[in-house]
file entry_11.cif (mmCIF, C-alpha atoms)
data_model
#
loop_
_atom_site.label_atom_id
_atom_site.label_comp_id
_atom_site.auth_asym_id
_atom_site.auth_seq_id
_atom_site.Cartn_x
_atom_site.Cartn_y
_atom_site.Cartn_z
CA MET D 107 -34.17 17.22 5.46
CA GLY D 108 -32.49 15.45 8.37
CA TYR D 109 -29.44 13.27 7.80
CA VAL D 110 -29.03 11.92 11.35
CA ASN D 111 -30.99 8.74 12.07
CA LEU D 112 -29.50 6.76 14.92
CA ARG D 113 -32.07 4.00 14.43
CA TYR D 114 -30.99 3.34 10.84
CA LYS D 115 -29.46 -0.07 10.08
CA PRO D 116 -27.12 -0.04 7.06
CA SER D 117 -28.12 -2.36 4.22
CA LYS D 118 -25.73 -4.68 2.41
CA ASN D 119 -25.63 -2.19 -0.47
CA ASP D 120 -24.58 0.78 1.67
CA LEU D 121 -21.04 2.10 1.62
CA VAL D 122 -20.19 2.85 5.26
CA CYS D 123 -17.56 5.41 6.30
CA SER D 124 -16.07 5.86 9.75
CA PHE D 125 -14.91 9.42 10.48
CA ARG D 126 -13.19 11.14 13.37
CA VAL D 127 -14.40 14.70 13.67
CA GLU D 128 -13.55 17.88 15.57
CA PRO D 129 -16.48 20.32 15.18
CA ASN D 130 -16.00 24.08 14.96
CA HIS D 131 -18.15 25.41 17.83
CA ILE D 132 -21.14 23.22 16.96
CA SER D 133 -22.40 19.92 18.33
CA TYR D 134 -21.17 16.57 17.04
CA SER D 135 -24.69 15.90 15.75
CA LYS D 136 -24.72 19.10 13.68
CA ALA D 137 -21.19 18.39 12.43
CA ALA D 138 -22.23 14.90 11.39
CA GLU D 139 -25.32 16.31 9.66
CA ALA D 140 -23.16 18.75 7.70
CA ILE D 141 -20.76 16.01 6.58
CA ALA D 142 -23.53 13.68 5.43
CA GLU D 143 -25.33 16.51 3.64
CA GLU D 144 -22.31 17.83 1.73
CA SER D 145 -20.98 14.39 0.82
CA SER D 146 -24.26 13.11 -0.61
CA ILE D 147 -27.21 15.11 -1.98
CA GLY D 148 -27.41 18.39 -0.04
CA THR D 149 -25.85 21.79 0.34
CA TRP D 150 -25.82 24.62 2.92
CA THR D 151 -29.45 25.70 2.47
CA ASP D 152 -32.92 24.30 1.70
CA LEU D 153 -33.54 23.49 -1.95
CA LYS D 154 -36.69 23.94 -4.02
CA THR D 155 -35.35 21.26 -6.34
CA MET D 156 -35.18 18.58 -3.61
CA LYS D 157 -37.71 15.84 -4.36
CA PRO D 158 -38.87 13.00 -2.04
CA SER D 159 -37.34 10.46 -4.42
CA ILE D 160 -33.97 12.19 -4.08
CA GLN D 161 -34.21 12.36 -0.29
CA LYS D 162 -34.31 8.56 -0.19
CA ILE D 163 -30.72 8.32 -1.39
CA GLY D 164 -29.34 10.85 1.09
CA ALA D 165 -26.57 9.70 3.42
CA LYS D 166 -27.57 8.57 6.92
CA VAL D 167 -25.57 9.21 10.08
CA PHE D 168 -26.38 6.12 12.13
CA GLU D 169 -23.78 6.26 14.91
CA ILE D 170 -22.23 9.08 16.93
CA HIS D 171 -19.84 7.89 19.61
CA GLY D 172 -17.60 10.54 21.11
CA ASN D 173 -15.68 12.07 18.22
CA TRP D 174 -16.39 9.06 15.98
CA ILE D 175 -19.27 9.09 13.53
CA LYS D 176 -20.48 6.51 11.03
CA ILE D 177 -22.30 7.40 7.85
CA ALA D 178 -24.06 5.02 5.45
CA TYR D 179 -24.19 6.00 1.78
CA PRO D 180 -26.63 4.23 -0.56
CA SER D 181 -24.85 2.71 -3.58
CA GLU D 182 -27.04 4.77 -5.92
CA LEU D 183 -24.88 7.77 -5.05
CA PHE D 184 -21.88 6.25 -6.78
CA GLU D 185 -20.81 5.26 -10.29
CA ASN D 186 -19.50 1.71 -10.31
CA GLY D 187 -15.86 1.40 -11.33
CA ASN D 188 -15.21 5.14 -10.86
CA MET D 189 -12.95 5.66 -7.84
CA PRO D 190 -12.38 9.40 -8.44
CA GLN D 191 -16.15 9.97 -8.31
CA ILE D 192 -16.51 7.92 -5.14
CA MET D 193 -13.67 9.76 -3.41
CA SER D 194 -14.89 13.15 -4.60
CA SER D 195 -18.05 12.35 -2.65
CA ILE D 196 -16.83 10.79 0.61
CA GLY D 197 -13.37 12.40 0.64
CA GLY D 198 -13.87 15.70 -1.19
CA ASN D 199 -15.49 18.99 -0.18
CA ILE D 200 -16.09 17.84 3.39
CA PHE D 201 -12.43 18.43 4.28
CA GLY D 202 -12.78 22.15 3.56
CA MET D 203 -15.96 22.87 5.49
CA LYS D 204 -15.97 25.75 8.00
CA ALA D 205 -18.22 23.69 10.28
CA LEU D 206 -15.25 21.45 11.07
CA ASN D 207 -11.87 22.13 12.60
CA LYS D 208 -10.58 18.67 11.68
CA LEU D 209 -11.91 15.58 9.95
CA ARG D 210 -10.32 12.20 9.25
CA LEU D 211 -11.75 9.42 7.11
CA GLU D 212 -10.55 6.37 9.02
CA ASP D 213 -12.17 3.38 7.35
CA ILE D 214 -14.57 2.31 4.60
CA LYS D 215 -16.78 -0.75 4.48
CA TRP D 216 -17.30 -1.48 0.81
CA PRO D 217 -20.53 -3.08 -0.43
CA GLU D 218 -20.11 -6.11 -2.67
CA ASN D 219 -21.71 -4.48 -5.71
CA ILE D 220 -19.11 -1.67 -5.70
CA MET D 221 -16.21 -4.03 -4.99
CA LYS D 222 -17.19 -6.19 -7.98
CA SER D 223 -16.96 -3.18 -10.29
CA PHE D 224 -13.16 -3.10 -9.85
CA MET D 225 -10.66 -5.66 -11.10
CA GLY D 226 -8.55 -6.03 -7.99
CA PRO D 227 -5.04 -7.56 -8.12
CA LYS D 228 -4.13 -9.77 -11.06
CA PHE D 229 -1.73 -11.90 -9.01
CA GLY D 230 -2.08 -11.10 -5.31
CA ILE D 231 -0.07 -12.93 -2.68
CA GLN D 232 -0.38 -16.43 -4.09
CA GLY D 233 0.25 -15.32 -7.66
CA VAL D 234 3.50 -13.62 -6.69
CA ARG D 235 4.55 -16.69 -4.70
CA LYS D 236 3.87 -18.89 -7.73
CA ILE D 237 6.09 -16.75 -9.95
CA LEU D 238 8.96 -16.89 -7.45
CA LYS D 239 8.28 -20.52 -6.43
CA ILE D 240 8.32 -19.52 -2.76
CA LYS D 241 5.49 -21.17 -0.82
CA ASP D 242 5.29 -19.72 2.65
CA ARG D 243 8.24 -17.62 3.78
CA PRO D 244 8.42 -13.82 3.68
CA LEU D 245 10.10 -12.36 0.60
CA VAL D 246 13.22 -10.26 1.01
CA GLY D 247 14.22 -7.40 -1.23
CA THR D 248 16.07 -4.14 -1.55
CA ILE D 249 15.95 -0.72 -3.14
CA VAL D 250 19.03 0.30 -5.08
CA LYS D 251 20.86 3.05 -3.20
CA PRO D 252 21.87 5.80 -3.68
CA LYS D 253 18.39 6.68 -4.93
CA LEU D 254 19.68 8.77 -7.81
CA GLY D 255 22.97 9.20 -9.64
CA LEU D 256 24.01 5.67 -10.65
CA SER D 257 24.29 4.84 -14.34
CA SER D 258 22.27 1.95 -15.76
CA LYS D 259 25.25 -0.41 -15.59
CA GLN D 260 26.15 0.66 -12.06
CA HIS D 261 22.52 0.27 -11.01
CA ALA D 262 22.37 -3.24 -12.51
CA LYS D 263 25.62 -4.25 -10.80
CA VAL D 264 24.22 -3.28 -7.40
CA ALA D 265 21.07 -5.29 -8.18
CA TYR D 266 23.15 -8.34 -9.16
CA GLU D 267 25.10 -8.25 -5.90
CA ALA D 268 21.84 -8.14 -3.96
CA TRP D 269 20.34 -11.05 -5.89
CA ILE D 270 23.33 -13.36 -5.51
CA GLY D 271 23.41 -12.50 -1.82
CA GLY D 272 20.00 -14.14 -1.52
CA LEU D 273 17.38 -11.43 -2.07
CA ASP D 274 14.25 -12.20 -4.07
CA LEU D 275 13.55 -8.81 -5.57
CA VAL D 276 15.30 -5.53 -6.30
CA LYS D 277 13.53 -2.31 -7.18
CA SER D 278 14.18 1.25 -8.23
CA ASP D 279 13.30 4.00 -5.79
CA GLU D 280 10.26 6.25 -6.02
CA ASN D 281 12.05 9.17 -7.66
CA LEU D 282 14.07 7.26 -10.27
CA THR D 283 12.25 7.11 -13.60
CA SER D 284 14.24 8.12 -16.69
CA GLN D 285 16.82 10.76 -15.79
CA LYS D 286 19.70 11.48 -18.16
CA PHE D 287 22.23 9.52 -16.08
CA ASN D 288 20.00 6.40 -16.08
CA ARG D 289 17.49 6.25 -18.93
CA PHE D 290 14.54 3.95 -18.37
CA GLU D 291 15.11 1.73 -21.40
CA ASN D 292 18.78 1.17 -20.57
CA ASN D 293 17.97 0.57 -16.91
CA VAL D 294 15.43 -2.14 -17.70
CA LYS D 295 17.65 -3.95 -20.20
CA GLU D 296 20.77 -3.90 -18.03
CA CYS D 297 18.95 -4.98 -14.86
CA LEU D 298 17.04 -7.80 -16.53
CA LYS D 299 20.30 -9.03 -18.02
CA MET D 300 21.78 -9.16 -14.52
CA ARG D 301 18.61 -10.77 -13.20
CA ASP D 302 19.00 -13.63 -15.68
CA LYS D 303 22.64 -14.02 -14.70
CA ALA D 304 21.73 -14.09 -10.99
CA GLU D 305 19.04 -16.72 -11.60
CA GLN D 306 21.54 -18.94 -13.38
CA LYS D 307 24.06 -18.54 -10.58
CA THR D 308 21.70 -19.08 -7.65
CA GLY D 309 19.07 -21.41 -9.09
CA GLU D 310 16.40 -19.12 -7.60
CA ARG D 311 13.88 -16.93 -9.37
CA LYS D 312 14.44 -13.20 -9.06
CA ILE D 313 12.30 -10.13 -9.77
CA TYR D 314 13.32 -6.65 -10.89
CA VAL D 315 10.91 -3.78 -10.21
CA PRO D 316 11.49 -0.72 -12.42
CA ASN D 317 9.51 2.46 -11.72
CA VAL D 318 7.18 3.18 -14.67
CA THR D 319 5.68 6.30 -13.06
CA ALA D 320 5.05 9.01 -15.65
CA GLU D 321 2.26 10.73 -17.59
CA THR D 322 -0.31 8.00 -18.25
CA LYS D 323 0.45 7.24 -21.91
CA GLU D 324 4.19 7.21 -21.24
CA MET D 325 3.64 5.04 -18.18
CA ILE D 326 1.79 2.45 -20.29
CA ARG D 327 4.56 2.54 -22.91
CA ARG D 328 7.18 1.89 -20.24
CA ALA D 329 5.16 -0.94 -18.69
CA LYS D 330 4.78 -2.60 -22.09
CA LEU D 331 8.54 -2.31 -22.59
CA VAL D 332 9.13 -4.09 -19.27
CA GLU D 333 6.85 -6.92 -20.35
CA LYS D 334 8.46 -7.13 -23.80
CA GLU D 335 11.93 -7.38 -22.26
CA GLY D 336 10.87 -10.27 -20.02
CA GLY D 337 10.23 -8.34 -16.81
CA LYS D 338 7.67 -9.62 -14.34
CA CYS D 339 6.90 -6.49 -12.30
CA ALA D 340 6.46 -2.73 -12.55
CA MET D 341 6.24 -0.09 -9.82
CA ILE D 342 3.86 2.87 -9.79
CA ASP D 343 3.84 5.77 -7.35
CA ILE D 344 0.12 5.47 -6.62
CA ILE D 345 -0.44 8.81 -4.86
CA THR D 346 1.42 11.12 -7.21
CA THR D 347 0.08 9.45 -10.37
CA GLY D 348 -3.47 9.23 -9.04
CA TRP D 349 -6.21 6.61 -8.86
CA SER D 350 -7.20 6.85 -12.51
CA ALA D 351 -3.63 6.22 -13.64
CA LEU D 352 -3.38 3.14 -11.43
CA GLN D 353 -6.68 1.82 -12.73
CA THR D 354 -5.62 2.48 -16.33
CA LEU D 355 -2.39 0.52 -15.80
CA ARG D 356 -4.27 -2.42 -14.27
CA ASN D 357 -6.93 -2.39 -16.99
CA GLU D 358 -4.27 -2.57 -19.70
CA GLY D 359 -4.14 -6.35 -19.16
CA LEU D 360 -0.37 -6.62 -18.91
CA ASN D 361 1.15 -9.74 -17.40
CA LEU D 362 2.98 -7.73 -14.75
CA ILE D 363 2.91 -7.71 -10.97
CA LEU D 364 1.96 -4.16 -9.91
CA HIS D 365 4.09 -2.84 -7.05
CA GLY D 366 2.62 0.20 -5.31
CA HIS D 367 4.78 2.88 -3.72
CA ARG D 368 2.93 5.33 -1.47
CA ALA D 369 5.24 8.36 -1.78
CA GLY D 370 3.32 11.47 -0.72
CA HIS D 371 0.72 9.74 1.43
CA GLY D 372 1.97 11.45 4.58
CA ALA D 373 0.72 14.79 3.27
CA PHE D 374 -2.81 13.70 4.19
CA THR D 375 -2.56 10.48 6.26
CA ARG D 376 -0.64 11.94 9.21
CA GLY D 377 -2.33 13.80 12.01
CA ASN D 378 -6.04 14.26 12.68
CA HIS D 379 -7.15 15.82 9.38
CA GLY D 380 -7.22 13.84 6.17
CA ILE D 381 -7.53 10.21 5.13
CA SER D 382 -5.98 7.17 6.79
CA MET D 383 -3.43 4.87 5.15
CA LEU D 384 -5.94 2.08 5.69
CA VAL D 385 -8.33 3.77 3.24
CA VAL D 386 -5.49 4.32 0.77
CA ALA D 387 -4.62 0.62 0.98
CA ASP D 388 -8.24 -0.41 0.40
CA ILE D 389 -8.48 1.74 -2.72
CA ALA D 390 -5.17 0.51 -4.10
CA ARG D 391 -6.28 -3.09 -3.59
CA LEU D 392 -9.60 -2.56 -5.38
CA LEU D 393 -7.85 -0.86 -8.30
CA GLY D 394 -5.40 -3.71 -8.77
CA ILE D 395 -2.17 -3.36 -6.79
CA ASP D 396 -0.51 -6.73 -6.09
CA GLN D 397 1.95 -5.51 -3.47
CA LEU D 398 1.89 -2.29 -1.48
CA HIS D 399 4.08 -0.35 0.96
CA ILE D 400 2.27 -0.26 4.30
CA GLY D 401 4.82 1.02 6.82
CA THR D 402 6.89 -1.06 9.19
CA VAL D 403 5.94 -0.16 12.78
CA VAL D 404 9.65 -0.55 13.63
CA GLY D 405 11.43 1.35 10.82
CA LYS D 406 12.02 5.00 9.91
CA MET D 407 8.72 5.67 8.10
CA ILE D 408 5.38 6.48 9.68
CA GLY D 409 3.05 3.52 10.13
CA GLU D 410 1.37 3.13 13.47
CA ARG D 411 1.00 -0.40 14.82
CA GLU D 412 -2.80 -0.16 15.02
CA GLU D 413 -3.09 1.11 11.46
CA VAL D 414 -0.69 -1.42 9.99
CA LEU D 415 -2.13 -4.43 11.79
CA HIS D 416 -5.79 -3.51 12.02
CA ILE D 417 -8.10 -0.62 12.69
CA GLU D 418 -9.57 -0.28 16.13
CA ASP D 419 -11.99 2.51 16.99
CA GLU D 420 -14.21 3.27 19.93
CA ILE D 421 -17.31 1.98 18.16
CA GLU D 422 -16.28 -1.26 16.54
CA LYS D 423 -13.42 -3.68 17.17
CA LYS D 424 -12.14 -4.85 13.80
CA PHE D 425 -9.18 -7.20 13.85
CA VAL D 426 -7.55 -9.42 11.30
CA LYS D 427 -6.20 -12.74 12.50
CA GLU D 428 -3.11 -12.73 14.67
CA GLY D 429 0.04 -12.59 12.54
CA GLU D 430 -1.76 -11.07 9.54
CA HIS D 431 -2.25 -7.59 8.13
CA THR D 432 -5.27 -5.74 6.80
CA LEU D 433 -4.48 -6.45 3.14
CA GLU D 434 -5.17 -10.15 3.81
CA GLU D 435 -8.82 -9.59 4.76
CA ASP D 436 -11.24 -11.86 2.91
CA TRP D 437 -12.81 -9.83 0.12
CA GLY D 438 -14.24 -12.68 -1.90
CA ASN D 439 -12.94 -12.55 -5.46
CA ILE D 440 -10.66 -9.56 -4.74
CA LYS D 441 -7.29 -11.16 -4.08
CA PRO D 442 -5.20 -10.33 -0.99
CA VAL D 443 -2.22 -8.02 -1.43
CA PHE D 444 1.42 -8.59 -0.46
CA ALA D 445 2.33 -6.03 2.20
CA ILE D 446 5.72 -4.37 1.73
CA CYS D 447 7.61 -3.33 4.84
CA SER D 448 10.17 -0.71 3.89
CA GLY D 449 11.96 2.25 5.45
CA GLY D 450 14.84 2.08 7.91
CA LEU D 451 14.97 -1.72 8.05
CA HIS D 452 17.98 -3.96 8.68
CA ALA D 453 18.66 -7.59 9.55
CA GLY D 454 18.17 -6.99 13.27
CA LEU D 455 14.49 -6.11 12.76
CA VAL D 456 13.46 -9.17 10.75
CA SER D 457 12.23 -11.23 13.70
CA LYS D 458 10.10 -8.38 15.03
CA LEU D 459 8.47 -7.80 11.66
CA ILE D 460 7.51 -11.43 11.18
CA LYS D 461 6.14 -11.63 14.72
CA LEU D 462 3.99 -8.56 14.12
CA LEU D 463 2.85 -9.15 10.55
CA GLY D 464 3.26 -12.83 9.75
CA LYS D 465 4.82 -14.42 6.67
CA ASN D 466 2.82 -12.74 3.91
CA ILE D 467 5.11 -9.72 3.81
CA ILE D 468 7.96 -8.42 1.69
CA ILE D 469 10.83 -7.23 3.88
CA GLN D 470 12.58 -4.55 1.89
CA ALA D 471 15.74 -2.83 3.09
CA GLY D 472 17.76 -0.20 1.25
CA GLY D 473 20.38 1.31 3.52
CA GLY D 474 20.18 -1.82 5.66
CA ILE D 475 21.61 -3.78 2.72
CA HIS D 476 23.96 -1.38 0.94
CA GLY D 477 25.18 0.17 4.19
CA HIS D 478 26.65 -3.13 5.38
CA PRO D 479 30.36 -2.62 6.10
CA LYS D 480 31.23 -5.46 3.70
CA GLY D 481 29.03 -4.22 0.88
CA THR D 482 25.78 -5.08 -0.86
CA LYS D 483 26.27 -8.84 -1.23
CA ALA D 484 27.16 -9.18 2.45
CA GLY D 485 24.16 -7.03 3.39
CA ALA D 486 21.89 -9.31 1.38
CA LEU D 487 23.44 -12.40 2.97
CA ALA D 488 22.85 -10.93 6.43
CA MET D 489 19.20 -10.27 5.65
CA ARG D 490 18.66 -13.77 4.31
CA GLN D 491 20.47 -15.23 7.35
CA ALA D 492 18.21 -13.25 9.69
CA LEU D 493 15.20 -14.65 7.86
CA GLU D 494 16.48 -18.22 8.08
CA ALA D 495 17.21 -17.86 11.81
CA THR D 496 13.73 -16.52 12.49
CA LEU D 497 12.01 -19.30 10.54
CA GLU D 498 14.09 -21.89 12.42
CA ASN D 499 13.21 -20.28 15.79
CA ILE D 500 16.84 -19.45 16.53
CA THR D 501 17.70 -16.07 18.01
CA LEU D 502 19.60 -13.72 15.71
CA LYS D 503 22.36 -13.41 18.28
CA GLU D 504 22.83 -17.19 18.39
CA TYR D 505 22.64 -17.59 14.60
CA ALA D 506 25.17 -14.81 14.09
CA LYS D 507 27.86 -16.82 15.89
CA GLU D 508 28.30 -18.92 12.75
CA HIS D 509 27.20 -16.34 10.16
CA LYS D 510 29.64 -13.46 10.00
CA GLU D 511 27.56 -11.24 7.69
CA LEU D 512 24.71 -11.26 10.18
CA MET D 513 27.10 -10.69 13.08
CA ILE D 514 28.53 -7.59 11.40
CA ALA D 515 25.03 -6.26 10.60
CA LEU D 516 23.87 -6.70 14.18
CA LYS D 517 26.95 -4.94 15.53
CA LYS D 518 26.36 -2.00 13.21
CA TRP D 519 22.63 -1.47 13.61
CA SER D 520 21.20 -3.20 16.67
#

call {"tool": "encode", "arguments": {"input": "entry_11.cif", "output": "structure tokens"}}
result
Amino acid sequence: MGYVNLRYKPSKNDLVCSFRVEPNHISYSKAAEAIAEESSIGTWTDLKTMKPSIQKIGAKVFEIHGNWIKIAYPSELFENGNMPQIMSSIGGNIFGMKALNKLRLEDIKWPENIMKSFMGPKFGIQGVRKILKIKDRPLVGTIVKPKLGLSSKQHAKVAYEAWIGGLDLVKSDENLTSQKFNRFENNVKECLKMRDKAEQKTGERKIYVPNVTAETKEMIRRAKLVEKEGGKCAMIDIITTGWSALQTLRNEGLNLILHGHRAGHGAFTRGNHGISMLVVADIARLLGIDQLHIGTVVGKMIGEREEVLHIEDEIEKKFVKEGEHTLEEDWGNIKPVFAICSGGLHAGLVSKLIKLLGKNIIIQAGGGIHGHPKGTKAGALAMRQALEATLENITLKEYAKEHKELMIALKKWS
């Protein structure tokens, strides 16, 4: 059967994928046909078992524009609420086909019936703001550094200095879980004790984000411990734990903000073969992440401006509003997600980030806080001062004249 139909108009119940493709000595049309076939109902040869009723639910290639193709998949091909099954179809075998040199899944348009089968974020942007009692400014946070090696008490002391310097949240890094020098249970108890102390001192609400990443049952046990001890948030490494683990954590019904770290995404989101970070973000949002690392455009980690702000291809121009990011797109009952900017950030980059991404972001600096010549508290003060200057439309250079912590940070990093 043929899978290319350039006259086909996708229905509201079709899942639509945008791919970039580099064929292997075949035409783009034949490459598109092979992708649609393998990712829906077909295989490499004609089938005696193929019935007309089955042919109706085959994927349809409805646009070929240069190296971009669009494929519509009828919803009947997918099991609602089962992300691994969906991704095994549209992001599975097709990446290993000999007919293709390279293939990249750039974007997915999700039909409402599939979106409704997932829970989405429990809190989202407004829920997190309500917990912190912060209405409209960006949040500022840090990652305790060094990543590994500090004891639980040392870790908590660093967190306390960051909180009293003005930061809203402090988190563990992606590779700290429960090593012998800093066991998870001790880490949570010590840091939440310091959180309470910082709240009393500053009069502001603070959040600690421990990393619960582990085998699924152990991950749930750790998340429940965080909730029992009075924590408000837990971090999960969404790529290395997998989509099912993330969904299991969300479905547990815990009263915790879920903070998504994307460690490992670059193994398949960089270059011209694999899956874009935009798709990863979509999936994480459907499965229930409340806040997610998205890249910074201006920091040390990969995150191209076009991918962080919007997706733009040669077929369709798809923009979010100016000063927003893709995780704020209107998805009906699926709440928007707080975008986390992290990786190589410091006070001197705050204004640029807000200009690019708006106020619904979490500006998270590790080395840019703890590497301040006057220490963690001064680094936190500098970051908060940079935020205040930006919101008051004062240049950082001008504001730094009367704020020494910011002045020192700008001299070191700008």

call {"tool": "closest_atom_pairs", "arguments": {"input": "entry_11.cif", "of": "stretch 295-379 of chain D", "to": "stretch 254-269 of chain D", "cutoff": "6 Å", "atoms": "all atoms listed in the file", "output": "JSON lines"}}
result
{"residue": "D:Glu296", "atom": "CA", "partner": "D:Ala262", "partner_atom": "CA", "distance": 5.8}
{"residue": "D:Cys297", "atom": "CA", "partner": "D:Ala262", "partner_atom": "CA", "distance": 4.5}
{"residue": "D:Met300", "atom": "CA", "partner": "D:Tyr266", "partner_atom": "CA", "distance": 5.6}

call {"tool": "resolve_selection", "arguments": {"input": "entry_11.cif", "expression": "the PyMOL selection byres ((chain D and resi 229-237) around 12)", "output": "VMD selection string"}}
result
chain D and resid 225 to 228 238 to 245 274 to 275 310 to 313 337 to 339 356 359 to 365 391 to 392 394 to 398 433 to 435 439 to 446 465 to 468

call {"tool": "resolve_selection", "arguments": {"input": "entry_11.cif", "expression": "the PyMOL selection byres ((chain D and resi 509) around 12)", "output": "list in words"}}
result
Ala484, Gly485, Leu487, Ala488, Met489, Arg490, Gln491, Ala492, Glu494, Ala495, Leu502, Lys503, Glu504, Tyr505, Ala506, Lys507, Glu508, Lys510, Glu511, Leu512, Met513, Ile514, Ala515 and Leu516 of chain D

call {"tool": "resolve_selection", "arguments": {"input": "entry_11.cif", "expression": "the PyMOL selection byres ((chain D and resi 316) around 12)", "output": "number ranges by chain"}}
result
D: 249-250, 258, 261-262, 265, 275-284, 288-298, 313-315, 317-319, 325, 328-333, 335, 337-343, 362-367

call {"tool": "closest_residue", "arguments": {"input": "entry_11.cif", "among": "D:Gly380, D:Gln306, D:Gly187, D:Gly473", "to": "D:Leu451", "atoms": "only C-alpha atoms"}}
result
D:Gly473

call {"tool": "closest_residue", "arguments": {"input": "entry_11.cif", "among": "D:Ser194, D:Ser520, D:Asn188, D:Thr375", "to": "D:Ala387", "atoms": "all atoms listed in the file"}}
result
D:Thr375
